[in-house]
There are 4 protein chains.
Amino acid sequence: MSDKKSKAIEAATKLFAELGFEKTSMTAICKEANVSKGLVYHHFKSKESILIEIFASSTKKMLELSLIQDSSLEPQEELNELINNIFHQLDNNKLFFQLNLNLMFQPSTNALLKEKILKRADILFNSVKRIFDKVELEKSEILAYTFIAEIDGIALNYLSVFENYPLAKMKEEMINKYSSITNKK
Amino acid sequence: MSDKKSKAIEAATKLFAELGFEKTSMTAICKEANVSKGLVYHHFKSKESILIEIFASSTKKMLELSLIQDSSLEPQEELNELINNIFHQLDNNKLFFQLNLNLMFQPSTNALLKEKILKRADILFNSVKRIFDKVELEKSEILAYTFIAEIDGIALNYLSVFENYPLAKMKEEMINKYSSITNKK
Amino acid sequence: MSDKKSKAIEAATKLFAELGFEKTSMTAICKEANVSKGLVYHHFKSKESILIEIFASSTKKMLELSLIQDSSLEPQEELNELINNIFHQLDNNKLFFQLNLNLMFQPSTNALLKEKILKRADILFNSVKRIFDKVELEKSEILAYTFIAEIDGIALNYLSVFENYPLAKMKEEMINKYSSITNKK
Amino acid sequence: MSDKKSKAIEAATKLFAELGFEKTSMTAICKEANVSKGLVYHHFKSKESILIEIFASSTKKMLELSLIQDSSLEPQEELNELINNIFHQLDNNKLFFQLNLNLMFQPSTNALLKEKILKRADILFNSVKRIFDKVELEKSEILAYTFIAEIDGIALNYLSVFENYPLAKMKEEMINKYSSITNKK
DNA sequence: GATGAATGAGATTTCATTCAT
DNA sequence: GATGAATGAAATCTCATTCAT
């Protein structure tokens with residue numbers, strides 16, 4: 001990928017996260033990236049297509065983060081690592097979560113990305129469910145949905161609602177709660 | 001409040017929820033409400049001020065929904081009622097949740113409503129924490145944050161992420177989980 | 001004239017002088033005068049007609065100021081009194097001059113008041129010329145035009161161009177210059 | 001400067017002079033210049049910024065007109081040339097004076113250009129005063145203010161007040177009056 | 001006389017996108 | 001690949017004026 005194209009993506013990612021998709025103008029992206037409009041339209045068909053490319057790479061990153069490779073691990077350990085990864089990112093990469101959550105909530109962007117959002121959610125859901133499958137086969141679906149809801153809810157509250165959110169304590173609570181899961185199969 | 005003013009608010013509420021604040025034009029609001037632009041600007045200083053008025057009344061509604069009056073109830077019963085109320089609304093009034101969640105996430109609207117969002121969150125948090133205070137004084141804060149995160153996460157996933165979300169089962173799970181709380185004080 | 005009508009005129013005069021005719025909205029006039037829009041339109045056919053009424057009364061005031069009644073006075077004394085009157089007003093009633101000068105210069109208001117401006121200028125010119133007629137019949141016209149230009153130019157420079165304009169010294173200079181006129185008839 | 005940008009400035013200058021700043025709409029400027037609105041806003045941040053650019057170039061022109069370069073000239077000759085220049089312009093370039101005078105008087109435009117008006121007035125004043133300095137050092141300031149007031153007053157009366165203003169005779173009068181100045185230093 | 005809700009035309013401004021160079 | 005002038009549609013907002021009460 002050419003230097004200037006990646007600069008444009010970088011700039012767009014930053015601005016979409018900070019201002020939202022609708023409030024970010026092409027002009028602003030070009031200025032932030034120090035690139036001309038003509039060039040941006042040379043690389044991307046439209047503003048929406050920049051968003052789509054960003055969402056795709058953000059999905060890739062998110063899957064890397066969530067899919068625990070080493071399936072020989074015990075379920076508790078897998079969950080443990082997953083929680084650690086997520087909270088680490090949440091703390092160190094706020095804009096990344098910010099962007100992903102607001103793309104889902106903004107009706108216009110949600111509609112645009114509908115299919116891709118569903119697909120990504122499905123993959124994430126199954127990778128979590130697979131862990132719970134090892135423990136409680138019947139309830140694994142509900143457990144996975146609950147786990148994901150907790151994570152998303154914490155992110156939402158941390159990033160957009162409360163001030164001085166006790167993120168560290170919430171992580172501890174999550175770790176404790178999910179450490180008591182015992183392999184019942 | 002005059003008939004036409006309330007029609008304008010109604011129209012704006014609907015469109016903000018369906019399309020998002022940025023994507024809803026004044027023209028669209030006027031057309032939906034069958035009202036002239038001049039009138040809307042006679043009653044509201046700006047598009048933003050419509051949003052602020054809507055957020056205020058939505059906060060009022062949300063507090064009515066969340067604050068359990070009868071404090072003679074046992075904590076379990078209070079939580080039970082709260083969960084029932086919330087899931088009932090979530091199922092029957094999707095647009096209301098849709099709107100409130102996306103106002104919080106959209107950077108532009110979040111910035112505009114920052115103060116009011118914080119205040120509302122504080123009230124909601126304390127009304128939940130008060131219930132947990134009756135049970136586990138030390139952990140009540142974390143329990144309250146967790147409860148709120150679960151509710152928000154479920155709403156988010158139900159409304160904007162998954163298709164065929166098992167809302168009824170999630171409610172059941174919540175009811176069960178919080179019914180086992182015993183007054184330990 | 002009803003109390004509220006005169007309050008409206010007063011408010012309009014103030015705002016036209018401070019903001020200019022175009023930048024003063026009917027709404028602003030009503031707010032300043034504490035009077036409803038309906039009432040203003042009950043008394044005046046339009047915004048322009050308020051201006052016309054204001055210009056008429058301002059013309060009346062200006063003529064009272066300029067027409068020296070006592071024609072038994074010597075020309076020097078008449079000019080003296082005229083200069084004194086004008087500089088006194090210029091110092092104590094800036095908004096009055098401000099308004100009159102900008103009505104003449106603003107193309108839109110000038111066009112609207114064209115006829116009345118010409119008529120007023122004619123009267124003022126003749127009342128000044130009459131004084132010079134007593135001294136130098138042939139040059140009286142040019143002297144009158146010069147006198148008026150000097151006054152208008154000083155007002156212009158004092159009100160809209162220079163900071164710390166030496167108004168007192170300019171008055172002194174005018175008094176001196178025109179005191180040396182001798183009756184040559 | 002691109003062709004279209006300068007056409008827009010030209011159109012704006014003409015219309016501001018003829019109709020006044022407030023009464024000139026962007027639409028009118030675009031139509032007059034045969035240019036799209038988008039383009040005008042590509043080159044200028046706002047309608048006000050067009051005015052500021054016009055004022056700047058008008059200042060430049062005015063200074064070229066007023067600053068007599070050849071300082072080896074006798075004061076009388078300098079004044080002579082200055083008066084000739086000004087009256088020539090006044091007669092041949094009415095719109096230019098029209099615009100400059102009404103920008104100063106219109107409260108909105110005066111406020112916008114305040115600083116620049118003061119600066120320009122200061123330069124013009126000093127360039128006139130410098131001439132009188134050669135003749136009468138003590139009174140040079142008042143003489144300069146008087147000279148400027150006469151010029152401005154004549155322009156005002158010629159352009160916006162009287163019909164059939166005797167411009168030629170007024171020039172003659174000015175030439176005569178200032179030809180009798182003798183170097184007294 | 002008096003109110004202020006209501007209108008509709010038009011003002012300024014924004015912005016995604018195109019295109020000649 | 002690269003630029004930025006140029007467009008046109010649409011956005012937010014203003015405002016003189018009317019009218020039912």
# chains A, B, ... in the order shown; residues from 1 in each chain; ligands from 1

call {"tool": "residues_around", "arguments": {"residues": "DT17 in chain E", "least_positions_apart": "2", "cutoff": "12 Å", "atoms": "only C-alpha atoms (C1' of nucleotides)", "output": "list of chain:residue names"}}
result
A:Met26, A:Thr27, A:Lys37, A:Gly38, A:Val40, A:Tyr41, A:His42, A:Phe44, A:Lys45, A:Ser46, A:Lys47, E:DC15, E:DC19, F:DA6, F:DT7, F:DG8, F:DA9

call {"tool": "interface_residues", "arguments": {"of": "chain B", "to": "chain A", "cutoff": "9 Å", "atoms": "only C-alpha atoms", "output": "ChimeraX atom specification"}}
result
/B:17-23,98,101-108,110,114,117-118,121-122,142,145-157,159-163,165-166,169-170,173

call {"tool": "residues_around", "arguments": {"residues": "DA2 in chain E", "least_positions_apart": "2", "cutoff": "9 Å", "atoms": "only C-alpha atoms (C1' of nucleotides)", "output": "JSON, numbers by chain"}}
result
{"C": [35, 36, 38, 39]}

call {"tool": "interface_residues", "arguments": {"of": "chain F", "to": "chain A", "cutoff": "8 Å", "atoms": "only C-alpha atoms (C1' of nucleotides)", "output": "number ranges by chain"}}
result
F: 1-4

call {"tool": "interface_residues", "arguments": {"of": "chain E", "to": "chain B", "cutoff": "8 Å", "atoms": "only C-alpha atoms (C1' of nucleotides)", "output": "JSON, numbers by chain"}}
result
{"E": [5, 6, 7, 8]}

call {"tool": "atom_distance", "arguments": {"atom1": "CA of Glu77 in chain B", "atom2": "CA of Glu172 in chain A"}}
result
27.8 Å

call {"tool": "residues_around", "arguments": {"residues": "Ala11 in chain D", "least_positions_apart": "2", "cutoff": "8 Å", "atoms": "only C-alpha atoms (C1' of nucleotides)", "output": "list in words"}}
result
Lys7, Ala8, Ile9, Thr13, Lys14, Leu15, Ile29, Cys30, Glu32 and Ala33 of chain D

call {"tool": "residues_around", "arguments": {"residues": "Ser127 in chain C", "least_positions_apart": "3", "cutoff": "8 Å", "atoms": "only C-alpha atoms (C1' of nucleotides)", "output": "PyMOL selection string"}}
result
chain C and resi 66-67+123-124+130-131

call {"tool": "select_by_dssp", "arguments": {"residues": "range 5-162 of chain B", "states": "helix (DSSP H, G or I)", "output": "ChimeraX atom specification"}}
result
/B:5-19,26-33,37-43,47-66,75-92,94-105,107-133,140-161

call {"tool": "decode", "arguments": {"residues": "range 2-84 of chain D", "atoms": "C-alpha atoms", "output": "CSV table (one decimal), in the first residue's frame"}}
result
chain,number,residue,atom,x,y,z
D,2,SER,CA,-7.2,32.2,-10.9
D,3,ASP,CA,-9.6,33.7,-13.4
D,4,LYS,CA,-12.7,32.7,-11.6
D,5,LYS,CA,-11.6,33.9,-8.2
D,6,SER,CA,-10.8,37.3,-9.6
D,7,LYS,CA,-14.2,37.4,-11.4
D,8,ALA,CA,-15.9,36.7,-8.1
D,9,ILE,CA,-14.0,39.5,-6.4
D,10,GLU,CA,-14.9,41.8,-9.2
D,11,ALA,CA,-18.5,40.9,-9.0
D,12,ALA,CA,-18.6,41.3,-5.3
D,13,THR,CA,-16.9,44.6,-5.4
D,14,LYS,CA,-19.4,45.9,-7.9
D,15,LEU,CA,-22.4,44.6,-6.0
D,16,PHE,CA,-21.2,45.7,-2.5
D,17,ALA,CA,-20.8,49.2,-3.9
D,18,GLU,CA,-24.1,49.3,-5.6
D,19,LEU,CA,-26.3,47.5,-3.2
D,20,GLY,CA,-24.3,47.5,0.1
D,21,PHE,CA,-22.7,44.5,1.8
D,22,GLU,CA,-25.8,43.3,3.6
D,23,LYS,CA,-28.1,43.5,0.6
D,24,THR,CA,-25.7,41.6,-1.6
D,25,SER,CA,-26.4,37.9,-1.5
D,26,MET,CA,-23.9,35.2,-2.3
D,27,THR,CA,-26.3,34.0,-4.9
D,28,ALA,CA,-26.1,37.4,-6.6
D,29,ILE,CA,-22.4,37.4,-6.5
D,30,CYS,CA,-22.2,34.0,-8.1
D,31,LYS,CA,-24.7,34.9,-10.7
D,32,GLU,CA,-22.9,38.1,-11.6
D,33,ALA,CA,-19.5,36.3,-11.7
D,34,ASN,CA,-20.9,33.2,-13.5
D,35,VAL,CA,-19.4,31.0,-10.9
D,36,SER,CA,-20.8,28.3,-8.5
D,37,LYS,CA,-21.3,28.9,-4.8
D,38,GLY,CA,-19.1,26.1,-4.0
D,39,LEU,CA,-16.2,27.8,-5.8
D,40,VAL,CA,-16.6,31.0,-3.9
D,41,TYR,CA,-16.5,29.1,-0.6
D,42,HIS,CA,-13.5,27.2,-1.9
D,43,HIS,CA,-11.6,30.5,-2.2
D,44,PHE,CA,-13.2,32.5,0.6
D,45,LYS,CA,-14.0,31.3,4.0
D,46,SER,CA,-17.1,33.5,4.2
D,47,LYS,CA,-18.9,36.4,2.7
D,48,GLU,CA,-17.1,38.6,5.3
D,49,SER,CA,-13.7,37.4,4.2
D,50,ILE,CA,-14.5,38.5,0.6
D,51,LEU,CA,-15.2,41.9,2.0
D,52,ILE,CA,-11.9,41.9,3.9
D,53,GLU,CA,-10.0,41.0,0.8
D,54,ILE,CA,-11.7,43.7,-1.1
D,55,PHE,CA,-11.0,46.2,1.6
D,56,ALA,CA,-7.4,45.3,1.6
D,57,SER,CA,-6.9,45.8,-2.2
D,58,SER,CA,-9.0,49.0,-2.0
D,59,THR,CA,-6.6,50.3,0.7
D,60,LYS,CA,-3.7,49.5,-1.5
D,61,LYS,CA,-5.3,51.4,-4.4
D,62,MET,CA,-6.2,54.3,-2.2
D,63,LEU,CA,-2.6,54.6,-0.8
D,64,GLU,CA,-1.2,54.6,-4.3
D,65,LEU,CA,-3.6,57.4,-5.1
D,66,SER,CA,-2.7,59.5,-2.1
D,67,LEU,CA,0.9,59.1,-1.5
D,68,ILE,CA,2.8,61.6,-3.6
D,69,GLN,CA,6.1,60.1,-4.2
D,70,ASP,CA,8.1,63.1,-5.3
D,71,SER,CA,8.9,64.8,-2.0
D,72,SER,CA,11.1,67.3,-3.7
D,73,LEU,CA,7.9,69.1,-4.7
D,74,GLU,CA,6.8,72.3,-3.0
D,75,PRO,CA,4.0,71.7,-0.5
D,76,GLN,CA,1.6,73.7,-2.7
D,77,GLU,CA,2.4,71.5,-5.6
D,78,GLU,CA,2.0,68.4,-3.6
D,79,LEU,CA,-1.4,69.4,-2.4
D,80,ASN,CA,-2.3,70.4,-5.9
D,81,GLU,CA,-1.4,67.0,-7.2
D,82,LEU,CA,-3.2,65.3,-4.4
D,83,ILE,CA,-6.4,67.3,-4.9
D,84,ASN,CA,-6.2,66.7,-8.6
